[in-house]
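To be precise, the following lines are model.cif, and they hold mmCIF, C-alpha atoms and all ligand atoms.
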```cif
data_run
loop_
_atom_site.group_PDB
_atom_site.id
_atom_site.type_symbol
_atom_site.label_atom_id
_atom_site.label_comp_id
_atom_site.auth_asym_id
_atom_site.auth_seq_id
_atom_site.Cartn_x
_atom_site.Cartn_y
_atom_site.Cartn_z
ATOM 1 C CA MET M 1 -6.993 -45.666 27.405
ATOM 2 C CA THR M 2 -4.522 -43.058 28.508
ATOM 3 C CA THR M 3 -2.379 -44.147 25.541
ATOM 4 C CA ILE M 4 -5.185 -43.254 23.095
ATOM 5 C CA SER M 5 -5.790 -39.851 24.614
ATOM 6 C CA ASP M 6 -2.016 -39.228 24.758
ATOM 7 C CA SER M 7 -1.679 -39.979 21.072
ATOM 8 C CA ALA M 8 -4.731 -37.811 20.327
ATOM 9 C CA ILE M 9 -3.086 -34.954 22.205
ATOM 10 C CA ALA M 10 0.204 -35.575 20.390
ATOM 11 C CA GLN M 11 -1.643 -35.561 17.039
ATOM 12 C CA GLU M 12 -3.466 -32.364 17.893
ATOM 13 C CA SER M 13 -0.289 -30.614 18.944
ATOM 14 C CA ALA M 14 1.468 -31.799 15.751
ATOM 15 C CA SER M 15 -1.316 -30.326 13.622
ATOM 16 C CA CYS M 16 -1.188 -27.087 15.638
ATOM 17 C CA ASP M 17 2.554 -26.926 14.887
ATOM 18 C CA ARG M 18 1.835 -27.494 11.195
ATOM 19 C CA ILE M 19 -0.764 -24.718 11.162
ATOM 20 C CA ALA M 20 1.645 -22.346 12.919
ATOM 21 C CA ALA M 21 4.392 -23.223 10.388
ATOM 22 C CA LEU M 22 1.977 -22.629 7.473
ATOM 23 C CA GLU M 23 0.888 -19.315 8.968
ATOM 24 C CA GLN M 24 4.521 -18.223 9.218
ATOM 25 C CA GLN M 25 5.091 -19.291 5.627
ATOM 26 C CA LEU M 26 2.045 -17.292 4.540
ATOM 27 C CA ALA M 27 3.252 -14.202 6.404
ATOM 28 C CA ARG M 28 6.641 -14.572 4.716
ATOM 29 C CA SER M 29 5.018 -14.898 1.260
ATOM 30 C CA GLN M 30 2.899 -11.818 1.976
ATOM 31 C CA ARG M 31 5.993 -9.831 2.948
ATOM 32 C CA LEU M 32 7.868 -10.965 -0.149
ATOM 33 C CA ALA M 33 4.904 -10.139 -2.405
ATOM 34 C CA ALA M 34 4.667 -6.675 -0.810
ATOM 35 C CA LEU M 35 8.404 -6.117 -1.183
ATOM 36 C CA GLY M 36 8.255 -7.241 -4.817
ATOM 37 C CA GLU M 37 5.431 -4.806 -5.537
ATOM 38 C CA LEU M 38 7.259 -1.953 -3.807
ATOM 39 C CA LEU M 39 10.432 -2.743 -5.735
ATOM 40 C CA SER M 40 8.581 -2.894 -9.011
ATOM 41 C CA THR M 41 6.668 0.349 -8.341
ATOM 42 C CA THR M 42 9.708 2.326 -7.289
ATOM 43 C CA THR M 43 11.940 0.987 -10.087
ATOM 44 C CA HIS M 44 9.354 2.090 -12.654
ATOM 45 C CA GLU M 45 9.038 5.510 -11.090
ATOM 46 C CA PHE M 46 12.781 5.907 -10.811
ATOM 47 C CA ASN M 47 13.226 4.901 -14.433
ATOM 48 C CA ASN M 48 10.653 7.481 -15.521
ATOM 49 C CA VAL M 49 12.585 10.192 -13.699
ATOM 50 C CA LEU M 50 15.868 9.043 -15.247
ATOM 51 C CA MET M 51 14.318 9.282 -18.728
ATOM 52 C CA THR M 52 13.323 12.892 -18.014
ATOM 53 C CA ILE M 53 16.849 13.716 -16.853
ATOM 54 C CA LEU M 54 18.411 12.046 -19.911
ATOM 55 C CA ASN M 55 16.059 13.795 -22.339
ATOM 56 C CA TYR M 56 16.651 17.274 -20.913
ATOM 57 C CA ALA M 57 20.399 16.710 -20.575
ATOM 58 C CA SER M 58 20.659 15.794 -24.256
ATOM 59 C CA GLN M 59 18.447 18.781 -25.182
ATOM 60 C CA GLY M 60 20.718 21.084 -23.167
ATOM 61 C CA LEU M 61 23.800 19.671 -24.881
ATOM 62 C CA ARG M 62 22.299 20.020 -28.367
ATOM 63 C CA HIS M 63 21.098 23.610 -27.975
ATOM 64 C CA LYS M 64 23.665 26.241 -27.126
ATOM 65 C CA ASP M 65 21.282 29.115 -26.318
ATOM 66 C CA ALA M 66 21.035 30.131 -22.679
ATOM 67 C CA ALA M 67 17.212 29.990 -22.511
ATOM 68 C CA THR M 68 17.000 26.335 -23.633
ATOM 69 C CA ARG M 69 19.879 25.349 -21.357
ATOM 70 C CA ASP M 70 18.336 27.128 -18.366
ATOM 71 C CA LYS M 71 15.029 25.389 -18.982
ATOM 72 C CA ALA M 72 16.768 22.008 -19.356
ATOM 73 C CA LEU M 73 18.735 22.525 -16.132
ATOM 74 C CA ASP M 74 15.585 23.547 -14.330
ATOM 75 C CA LYS M 75 13.790 20.354 -15.469
ATOM 76 C CA ILE M 76 16.814 18.242 -14.531
ATOM 77 C CA PHE M 77 16.927 19.858 -11.094
ATOM 78 C CA THR M 78 13.207 19.156 -10.474
ATOM 79 C CA ALA M 79 13.522 15.565 -11.718
ATOM 80 C CA ALA M 80 16.608 14.914 -9.604
ATOM 81 C CA LYS M 81 14.790 16.215 -6.494
ATOM 82 C CA ARG M 82 11.957 13.776 -7.292
ATOM 83 C CA ALA M 83 14.453 10.913 -7.722
ATOM 84 C CA SER M 84 15.939 11.704 -4.350
ATOM 85 C CA LYS M 85 12.473 11.756 -2.750
ATOM 86 C CA ILE M 86 11.768 8.321 -4.220
ATOM 87 C CA THR M 87 15.008 6.800 -2.935
ATOM 88 C CA SER M 88 14.563 8.323 0.516
ATOM 89 C CA THR M 89 11.060 6.823 0.685
ATOM 90 C CA ILE M 90 12.441 3.385 -0.220
ATOM 91 C CA LEU M 91 15.216 3.746 2.343
ATOM 92 C CA ALA M 92 12.700 4.793 4.989
ATOM 93 C CA VAL M 93 10.635 1.678 4.274
ATOM 94 C CA ALA M 94 13.722 -0.547 4.332
ATOM 95 C CA ARG M 95 15.074 1.014 7.525
ATOM 96 C CA ASN M 96 11.830 1.183 9.448
ATOM 97 C CA ARG M 97 11.426 -2.525 10.048
ATOM 98 C CA SER M 98 10.546 -2.373 13.704
ATOM 99 C CA ASN M 99 7.300 -3.585 15.130
ATOM 100 C CA ASN M 100 6.767 -0.346 16.993
ATOM 101 C CA PHE M 101 3.457 1.389 17.035
ATOM 102 C CA GLU M 102 4.020 5.118 16.879
ATOM 103 C CA SER M 103 1.981 8.263 16.587
ATOM 104 C CA THR M 104 1.735 8.539 12.812
ATOM 105 C CA ASN M 105 0.767 11.417 10.551
ATOM 106 C CA LEU M 106 -1.421 9.724 7.934
ATOM 107 C CA LYS M 107 -1.618 12.832 5.747
ATOM 108 C CA GLN M 108 2.156 12.769 5.274
ATOM 109 C CA LEU M 109 2.125 9.019 4.740
ATOM 110 C CA VAL M 110 -0.555 9.262 2.016
ATOM 111 C CA ALA M 111 1.321 12.090 0.292
ATOM 112 C CA ASP M 112 4.614 10.114 0.384
ATOM 113 C CA THR M 113 2.928 7.013 -1.010
ATOM 114 C CA LEU M 114 1.341 8.970 -3.848
ATOM 115 C CA VAL M 115 4.808 10.210 -4.876
ATOM 116 C CA LEU M 116 5.725 6.603 -5.582
ATOM 117 C CA LEU M 117 2.801 6.039 -7.948
ATOM 118 C CA GLU M 118 2.295 9.493 -9.486
ATOM 119 C CA ARG M 119 3.760 8.785 -12.907
ATOM 120 C CA GLU M 120 2.409 5.275 -13.179
ATOM 121 C CA LEU M 121 -1.121 6.441 -12.450
ATOM 122 C CA SER M 122 -0.916 9.213 -15.011
ATOM 123 C CA LYS M 123 0.496 6.744 -17.557
ATOM 124 C CA TYR M 124 -2.681 4.673 -17.125
ATOM 125 C CA ARG M 125 -4.757 7.854 -17.488
ATOM 126 C CA ILE M 126 -5.935 7.789 -13.898
ATOM 127 C CA ALA M 127 -6.728 11.147 -12.317
ATOM 128 C CA VAL M 128 -5.992 11.330 -8.609
ATOM 129 C CA GLU M 129 -8.164 13.398 -6.279
ATOM 130 C CA ALA M 130 -6.798 13.586 -2.762
ATOM 131 C CA HIS M 131 -9.033 15.143 -0.098
ATOM 132 C CA LEU M 132 -6.766 15.020 2.901
ATOM 133 C CA ALA M 133 -8.219 16.763 5.915
ATOM 134 C CA GLU M 134 -6.080 17.633 8.928
ATOM 135 C CA VAL M 135 -6.669 14.593 11.127
ATOM 136 C CA PRO M 136 -5.314 13.530 14.503
ATOM 137 C CA GLU M 137 -2.333 11.200 14.441
ATOM 138 C CA VAL M 138 -3.039 7.467 14.583
ATOM 139 C CA LEU M 139 -1.255 4.739 16.503
ATOM 140 C CA ALA M 140 0.401 2.777 13.711
ATOM 141 C CA MET M 141 3.365 1.066 12.160
ATOM 142 C CA GLY M 142 3.915 3.533 9.346
ATOM 143 C CA ASN M 143 5.551 1.274 6.797
ATOM 144 C CA GLN M 144 2.865 -1.364 7.226
ATOM 145 C CA ILE M 145 0.095 1.148 6.631
ATOM 146 C CA GLN M 146 2.004 2.361 3.599
ATOM 147 C CA GLN M 147 2.079 -1.238 2.362
ATOM 148 C CA VAL M 148 -1.711 -1.456 2.806
ATOM 149 C CA LEU M 149 -2.210 1.774 0.891
ATOM 150 C CA LEU M 150 0.102 0.665 -1.931
ATOM 151 C CA ASN M 151 -1.835 -2.603 -2.237
ATOM 152 C CA LEU M 152 -5.132 -0.745 -2.486
ATOM 153 C CA LEU M 153 -3.815 1.795 -5.002
ATOM 154 C CA ILE M 154 -2.277 -0.887 -7.210
ATOM 155 C CA ASN M 155 -5.512 -2.911 -7.142
ATOM 156 C CA SER M 156 -7.438 0.215 -8.139
ATOM 157 C CA ARG M 157 -5.006 0.960 -10.941
ATOM 158 C CA GLN M 158 -5.380 -2.596 -12.206
ATOM 159 C CA ALA M 159 -9.188 -2.285 -12.089
ATOM 160 C CA MET M 160 -9.126 0.792 -14.371
ATOM 161 C CA LEU M 161 -7.492 -0.493 -17.513
ATOM 162 C CA SER M 162 -8.880 2.300 -19.653
ATOM 163 C CA GLY M 163 -8.314 5.076 -17.141
ATOM 164 C CA GLY M 164 -10.566 6.561 -14.509
ATOM 165 C CA ARG M 165 -10.587 8.399 -11.196
ATOM 166 C CA LEU M 166 -8.958 7.540 -7.929
ATOM 167 C CA ILE M 167 -10.310 9.359 -4.908
ATOM 168 C CA ILE M 168 -8.408 9.265 -1.641
ATOM 169 C CA ARG M 169 -10.017 10.756 1.408
ATOM 170 C CA LEU M 170 -8.789 11.234 4.946
ATOM 171 C CA GLU M 171 -11.335 12.107 7.620
ATOM 172 C CA HIS M 172 -11.703 12.085 11.381
ATOM 173 C CA ASP M 173 -14.636 10.008 12.618
ATOM 174 C CA ASP M 174 -14.958 11.869 15.926
ATOM 175 C CA LYS M 175 -17.779 9.670 17.216
ATOM 176 C CA ALA M 176 -15.646 6.525 17.052
ATOM 177 C CA ASP M 177 -12.415 8.547 17.545
ATOM 178 C CA MET M 178 -10.885 6.877 14.546
ATOM 179 C CA VAL M 179 -9.333 8.172 11.354
ATOM 180 C CA ASP M 180 -10.931 6.986 8.107
ATOM 181 C CA LEU M 181 -8.760 6.453 5.066
ATOM 182 C CA VAL M 182 -10.952 5.917 2.017
ATOM 183 C CA VAL M 183 -9.700 4.720 -1.369
ATOM 184 C CA ARG M 184 -12.325 4.811 -4.126
ATOM 185 C CA ASP M 185 -11.935 3.993 -7.796
ATOM 186 C CA THR M 186 -14.144 4.122 -10.858
ATOM 187 C CA GLY M 187 -12.920 0.716 -12.018
ATOM 188 C CA CYS M 188 -14.595 -2.548 -13.061
ATOM 189 C CA GLY M 189 -16.032 -3.297 -9.595
ATOM 190 C CA ILE M 190 -16.296 -6.689 -7.880
ATOM 191 C CA PRO M 191 -19.193 -9.102 -8.543
ATOM 192 C CA ALA M 192 -21.335 -9.914 -5.465
ATOM 193 C CA ASP M 193 -20.353 -13.620 -5.517
ATOM 194 C CA LYS M 194 -16.624 -12.739 -5.397
ATOM 195 C CA LEU M 195 -16.861 -9.967 -2.791
ATOM 196 C CA PRO M 196 -16.953 -12.294 0.270
ATOM 197 C CA HIS M 197 -13.719 -13.968 -0.889
ATOM 198 C CA ILE M 198 -11.420 -11.073 -1.752
ATOM 199 C CA PHE M 199 -9.692 -11.006 1.657
ATOM 200 C CA GLU M 200 -8.887 -14.732 1.527
ATOM 201 C CA PRO M 201 -5.204 -15.567 0.960
ATOM 202 C CA PHE M 202 -4.509 -16.596 -2.663
ATOM 203 C CA PHE M 203 -7.921 -15.460 -3.946
ATOM 204 C CA THR M 204 -7.248 -13.680 -7.222
ATOM 205 C CA THR M 205 -9.069 -13.079 -10.483
ATOM 206 C CA LYS M 206 -5.813 -12.100 -12.208
ATOM 207 C CA SER M 207 -3.898 -14.579 -14.341
ATOM 208 C CA GLY M 208 -0.547 -13.479 -12.884
ATOM 209 C CA PRO M 209 1.544 -10.350 -12.449
ATOM 210 C CA ASP M 210 0.780 -7.634 -15.005
ATOM 211 C CA GLU M 211 3.315 -5.954 -17.317
ATOM 212 C CA THR M 212 4.642 -3.929 -14.371
ATOM 213 C CA GLY M 213 5.153 -7.099 -12.314
ATOM 214 C CA MET M 214 2.281 -6.416 -9.919
ATOM 215 C CA GLY M 215 -0.710 -8.373 -8.623
ATOM 216 C CA GLY M 216 -1.851 -11.901 -9.335
ATOM 217 C CA THR M 217 -0.767 -13.498 -6.067
ATOM 218 C CA GLY M 218 -4.017 -13.021 -4.200
ATOM 219 C CA LEU M 219 -2.000 -11.997 -1.151
ATOM 220 C CA GLY M 220 -2.532 -8.232 -1.240
ATOM 221 C CA LEU M 221 -5.858 -7.884 0.524
ATOM 222 C CA ALA M 222 -5.213 -10.815 2.880
ATOM 223 C CA SER M 223 -2.159 -8.973 4.151
ATOM 224 C CA CYS M 224 -4.081 -5.666 4.293
ATOM 225 C CA ARG M 225 -6.668 -7.262 6.550
ATOM 226 C CA GLN M 226 -4.055 -8.858 8.756
ATOM 227 C CA ILE M 227 -2.196 -5.565 9.175
ATOM 228 C CA ILE M 228 -5.325 -3.526 9.895
ATOM 229 C CA GLU M 229 -6.577 -6.066 12.447
ATOM 230 C CA ALA M 230 -3.186 -5.970 14.194
ATOM 231 C CA HIS M 231 -3.741 -2.209 14.462
ATOM 232 C CA ARG M 232 -7.145 -2.767 16.076
ATOM 233 C CA GLY M 233 -8.635 -1.098 13.052
ATOM 234 C CA ARG M 234 -11.191 -2.137 10.496
ATOM 235 C CA ILE M 235 -11.221 -2.554 6.722
ATOM 236 C CA ARG M 236 -14.444 -2.519 4.741
ATOM 237 C CA VAL M 237 -15.285 -2.777 1.055
ATOM 238 C CA GLU M 238 -18.232 -1.644 -1.051
ATOM 239 C CA SER M 239 -18.377 -2.311 -4.766
ATOM 240 C CA THR M 240 -20.689 -2.048 -7.770
ATOM 241 C CA VAL M 241 -19.852 -3.857 -11.003
ATOM 242 C CA GLY M 242 -19.168 -1.346 -13.774
ATOM 243 C CA LYS M 243 -19.128 1.594 -11.346
ATOM 244 C CA GLY M 244 -16.235 1.085 -8.983
ATOM 245 C CA THR M 245 -14.982 0.023 -5.605
ATOM 246 C CA GLN M 246 -14.405 1.733 -2.288
ATOM 247 C CA PHE M 247 -12.227 0.514 0.552
ATOM 248 C CA THR M 248 -12.496 2.190 3.956
ATOM 249 C CA ILE M 249 -9.828 1.734 6.580
ATOM 250 C CA LYS M 250 -10.454 2.874 10.134
ATOM 251 C CA LEU M 251 -7.511 3.342 12.485
ATOM 252 C CA PRO M 252 -7.616 4.329 16.154
ATOM 253 C CA VAL M 253 -6.459 7.832 17.061
ATOM 254 C CA ALA M 254 -3.224 7.890 19.070
ATOM 255 C CA LYS M 255 -4.033 9.104 22.567
ATOM 256 C CA LYS M 256 -1.192 11.267 23.838
ATOM 257 C CA GLU M 257 -1.271 9.885 27.335
ATOM 258 C CA ILE M 258 -1.248 6.218 26.274
ATOM 259 C CA ALA M 259 0.696 6.236 22.996
ATOM 260 C CA GLY M 260 3.689 3.968 23.530
ATOM 261 C CA ALA M 261 2.283 2.721 26.816
ATOM 262 C CA ILE M 262 -0.186 0.211 25.420
ATOM 263 C CA ALA M 263 1.004 -2.934 23.739
ATOM 264 C CA PRO M 264 -1.041 -3.644 20.629
ATOM 265 C CA PRO M 265 -1.066 -7.240 19.349
ATOM 266 C CA ILE M 266 2.010 -8.452 17.472
ATOM 267 C CA LEU M 267 1.650 -9.635 13.862
ATOM 268 C CA THR M 268 1.765 -13.380 13.158
ATOM 269 C CA GLU M 269 5.460 -13.303 12.399
ATOM 270 C CA PRO M 270 7.852 -10.908 14.076
ATOM 271 C CA ARG M 271 10.007 -8.967 11.629
ATOM 272 C CA SER M 272 13.687 -9.717 11.768
HETATM 273 N N1 LIG I 1 -10.193 -2.006 -6.520
HETATM 274 C C1 LIG I 1 -10.585 -3.179 -7.012
HETATM 275 N N2 LIG I 1 -11.421 -3.254 -8.075
HETATM 276 C C2 LIG I 1 -11.822 -4.447 -8.567
HETATM 277 N N3 LIG I 1 -11.442 -5.652 -8.064
HETATM 278 C C3 LIG I 1 -10.624 -5.640 -7.012
HETATM 279 C C4 LIG I 1 -10.145 -4.420 -6.425
HETATM 280 N N4 LIG I 1 -9.358 -4.744 -5.380
HETATM 281 C C5 LIG I 1 -9.331 -6.090 -5.314
HETATM 282 N N5 LIG I 1 -10.080 -6.651 -6.288
HETATM 283 C C6 LIG I 1 -10.315 -8.088 -6.495
HETATM 284 O O1 LIG I 1 -9.848 -8.792 -5.366
HETATM 285 C C7 LIG I 1 -8.896 -9.801 -5.765
HETATM 286 C C8 LIG I 1 -7.854 -9.997 -4.665
HETATM 287 O O2 LIG I 1 -7.019 -8.843 -4.536
HETATM 288 P P1 LIG I 1 -5.557 -9.006 -3.930
HETATM 289 O O3 LIG I 1 -5.655 -9.741 -2.642
HETATM 290 O O4 LIG I 1 -4.900 -7.689 -3.937
HETATM 291 O O5 LIG I 1 -4.823 -9.990 -4.945
HETATM 292 P P2 LIG I 1 -4.262 -9.739 -6.436
HETATM 293 O O6 LIG I 1 -4.229 -8.261 -6.675
HETATM 294 O O7 LIG I 1 -2.904 -10.360 -6.400
HETATM 295 O O8 LIG I 1 -5.230 -10.460 -7.338
HETATM 296 C C9 LIG I 1 -8.352 -9.294 -7.091
HETATM 297 O O9 LIG I 1 -7.831 -10.362 -7.888
HETATM 298 C C10 LIG I 1 -9.569 -8.641 -7.712
HETATM 299 O O10 LIG I 1 -10.414 -9.592 -8.310
HETATM 300 MG MG MG I 2 -3.434 -6.865 -5.327
#
```
Can I see the file as structure tokens?
Ligand SMILES: Nc1ncnc2c1ncn2[C@@H]1O[C@H](COP(=O)(O)OP(=O)(O)O)[C@@H](O)[C@H]1O
Ligand SMILES: [Mg+2]
Amino acid sequence: MTTISDSAIAQESASCDRIAALEQQLARSQRLAALGELLSTTTHEFNNVLMTILNYASQGLRHKDAATRDKALDKIFTAAKRASKITSTILAVARNRSNNFESTNLKQLVADTLVLLERELSKYRIAVEAHLAEVPEVLAMGNQIQQVLLNLLINSRQAMLSGGRLIIRLEHDDKADMVDLVVRDTGCGIPADKLPHIFEPFFTTKSGPDETGMGGTGLGLASCRQIIEAHRGRIRVESTVGKGTQFTIKLPVAKKEIAGAIAPPILTEPRS
């Protein structure tokens, strides 16, 4: 009899090991998908800036008059500053791989993330409205929250194939002492029967990555939920077909006296 229960225990522990291995594999796939999307986004943006620099440089070379050359140099200077902002954002993401929760300025983080998508959004005729109130800092892993925001913005962009509006709002919910980050789009919306499934890993209605190499894995929102839950926050969705979709993320305010002292839960797979 003991033999049976021993083998049952052995079986159960083997299946627990398998589940843990699958969870690790999922976390790795999510990270790779996020990295791929970031790479694709930033390469596109960087390429756009390079085109501007090339165009104005050739204009400046063709026209000898001082006014045209001054204007061209001015445009090149602005574009080069933008290029440098893009690369420093990528480097910050690549460097900041720690699992540390820090007091984080969400307003700055939202503004930095928008820099990465500015051109792409305007190319798809999407107008961005950012209402970013001064809010208290939150206790967060900055690059992970940036990943969440990028996922949401890319989903919204993909839901507005013929253009639209993207509204980003930052507010302090002083009752709950949380900061709300709201991303709303005027895209296609999500049918009621699909809504309960969108946070499931691998749930996607896209046939594969789009022409910019983004989406289609069904891992975006699953990883958003995982990250927000690890932050002891909440993520909520409301959607109306044909009208649009709104995601609300709530993150706890960083308390000065306890920031750094509390140990929030670690994500499924520690980053190397
Ligand atoms: N803003 C949005 N508007 C409409 N549908 C959305 C939006 N965000 C997510 N979805 C739906 O949720 C699904 C899952 O999203 P996600 O996990 O990011 O995976 P993926 O983008 O790879 O399909 C999408 O395929 C899409 O059907
Ligand atoms: Mg997605």
Evaluate the PyMOL selection byres (((chain M and resi 202-208) around 12) and not hetatm) here and jot the selected residues down as a tab-separated table (two decimals) with C-alpha atoms, in the coordinates of the input.
```tsv
chain	number	residue	atom	x	y	z
M	26	LEU	CA	2.04	-17.29	4.54
M	29	SER	CA	5.02	-14.90	1.26
M	30	GLN	CA	2.90	-11.82	1.98
M	33	ALA	CA	4.90	-10.14	-2.40
M	155	ASN	CA	-5.51	-2.91	-7.14
M	158	GLN	CA	-5.38	-2.60	-12.21
M	159	ALA	CA	-9.19	-2.28	-12.09
M	190	ILE	CA	-16.30	-6.69	-7.88
M	191	PRO	CA	-19.19	-9.10	-8.54
M	194	LYS	CA	-16.62	-12.74	-5.40
M	195	LEU	CA	-16.86	-9.97	-2.79
M	196	PRO	CA	-16.95	-12.29	0.27
M	197	HIS	CA	-13.72	-13.97	-0.89
M	198	ILE	CA	-11.42	-11.07	-1.75
M	199	PHE	CA	-9.69	-11.01	1.66
M	200	GLU	CA	-8.89	-14.73	1.53
M	201	PRO	CA	-5.20	-15.57	0.96
M	209	PRO	CA	1.54	-10.35	-12.45
M	210	ASP	CA	0.78	-7.63	-15.00
M	211	GLU	CA	3.32	-5.95	-17.32
M	212	THR	CA	4.64	-3.93	-14.37
M	213	GLY	CA	5.15	-7.10	-12.31
M	214	MET	CA	2.28	-6.42	-9.92
M	215	GLY	CA	-0.71	-8.37	-8.62
M	216	GLY	CA	-1.85	-11.90	-9.34
M	217	THR	CA	-0.77	-13.50	-6.07
M	218	GLY	CA	-4.02	-13.02	-4.20
M	219	LEU	CA	-2.00	-12.00	-1.15
M	220	GLY	CA	-2.53	-8.23	-1.24
M	221	LEU	CA	-5.86	-7.88	0.52
M	222	ALA	CA	-5.21	-10.82	2.88
M	223	SER	CA	-2.16	-8.97	4.15
```
Inset, instruction - Counting all atoms listed in the file, note down every residue that has an atom within 10 Å of the point (-2.8, -5.2, 10.6) (file coordinates), as a PyMOL selection string. - result: chain M and resi 140-141+144-145+148+222-235+251+265-268
Where does segment 31-134 of chain M meet segment 177-186 of chain M within 12 Å, residue by residue, with the nearest atom pair and distance in Å to one decimal for each, counting all atoms listed in the file, listed by chain and rising number, as CSV?
```
residue,atom,partner,partner_atom,distance
M:Thr104,CA,M:Val179,CA,11.2
M:Asn105,CA,M:Val179,CA,10.6
M:Leu106,CA,M:Leu181,CA,8.5
M:Lys107,CA,M:Leu181,CA,9.6
M:Leu109,CA,M:Leu181,CA,11.2
M:Val110,CA,M:Leu181,CA,9.2
M:Ile126,CA,M:Asp185,CA,9.4
M:Ala127,CA,M:Asp185,CA,9.9
M:Val128,CA,M:Asp185,CA,9.5
M:Glu129,CA,M:Arg184,CA,9.8
M:Ala130,CA,M:Val183,CA,9.4
M:His131,CA,M:Val182,CA,9.7
M:Leu132,CA,M:Leu181,CA,9.1
M:Ala133,CA,M:Val179,CA,10.2
M:Glu134,CA,M:Val179,CA,10.3
```
Inset, instruction - Tell me which of M:Ala66, M:Ala176, M:Ala72, M:Ala34 sits closest to ligand MG 2 (chain I), counting only C-alpha atoms and all ligand atoms. - result: M:Ala34
Inset, instruction - Point out the residue among M:His172, M:Arg31, M:Lys250, M:Lys71 with the least atom-to-atom distance to Gln59 of chain M, counting only C-alpha atoms. - result: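 Ranking M:His172, M:Arg31, M:Lys250, M:Lys71 by distance to Gln59 of chain M, first place goes to M:Lys71.
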Might I get the box with edges along x, y and z of the file that holds all atoms of ligand LIG 1 (chain I) listed there, padded by 8 Å on every side, given as centre and edge lengths in Å to one decimal, as JSON?
```
{"center_x": -7.4, "center_y": -6.2, "center_z": -5.6, "size_x": 24.9, "size_y": 24.5, "size_z": 21.9}
```
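Using all atoms listed in the file, the shortest contact distance between Leu73 of chain M and any of M:Ile86, M:Gly189, M:Tyr56, M:Ser103 is found at M:Tyr56.
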Inset, instruction - For atom CA of Val49 of chain M and atom CA of Arg165 of chain M, quote the distance in Å rounded to one decimal. - result: 23.4 Å
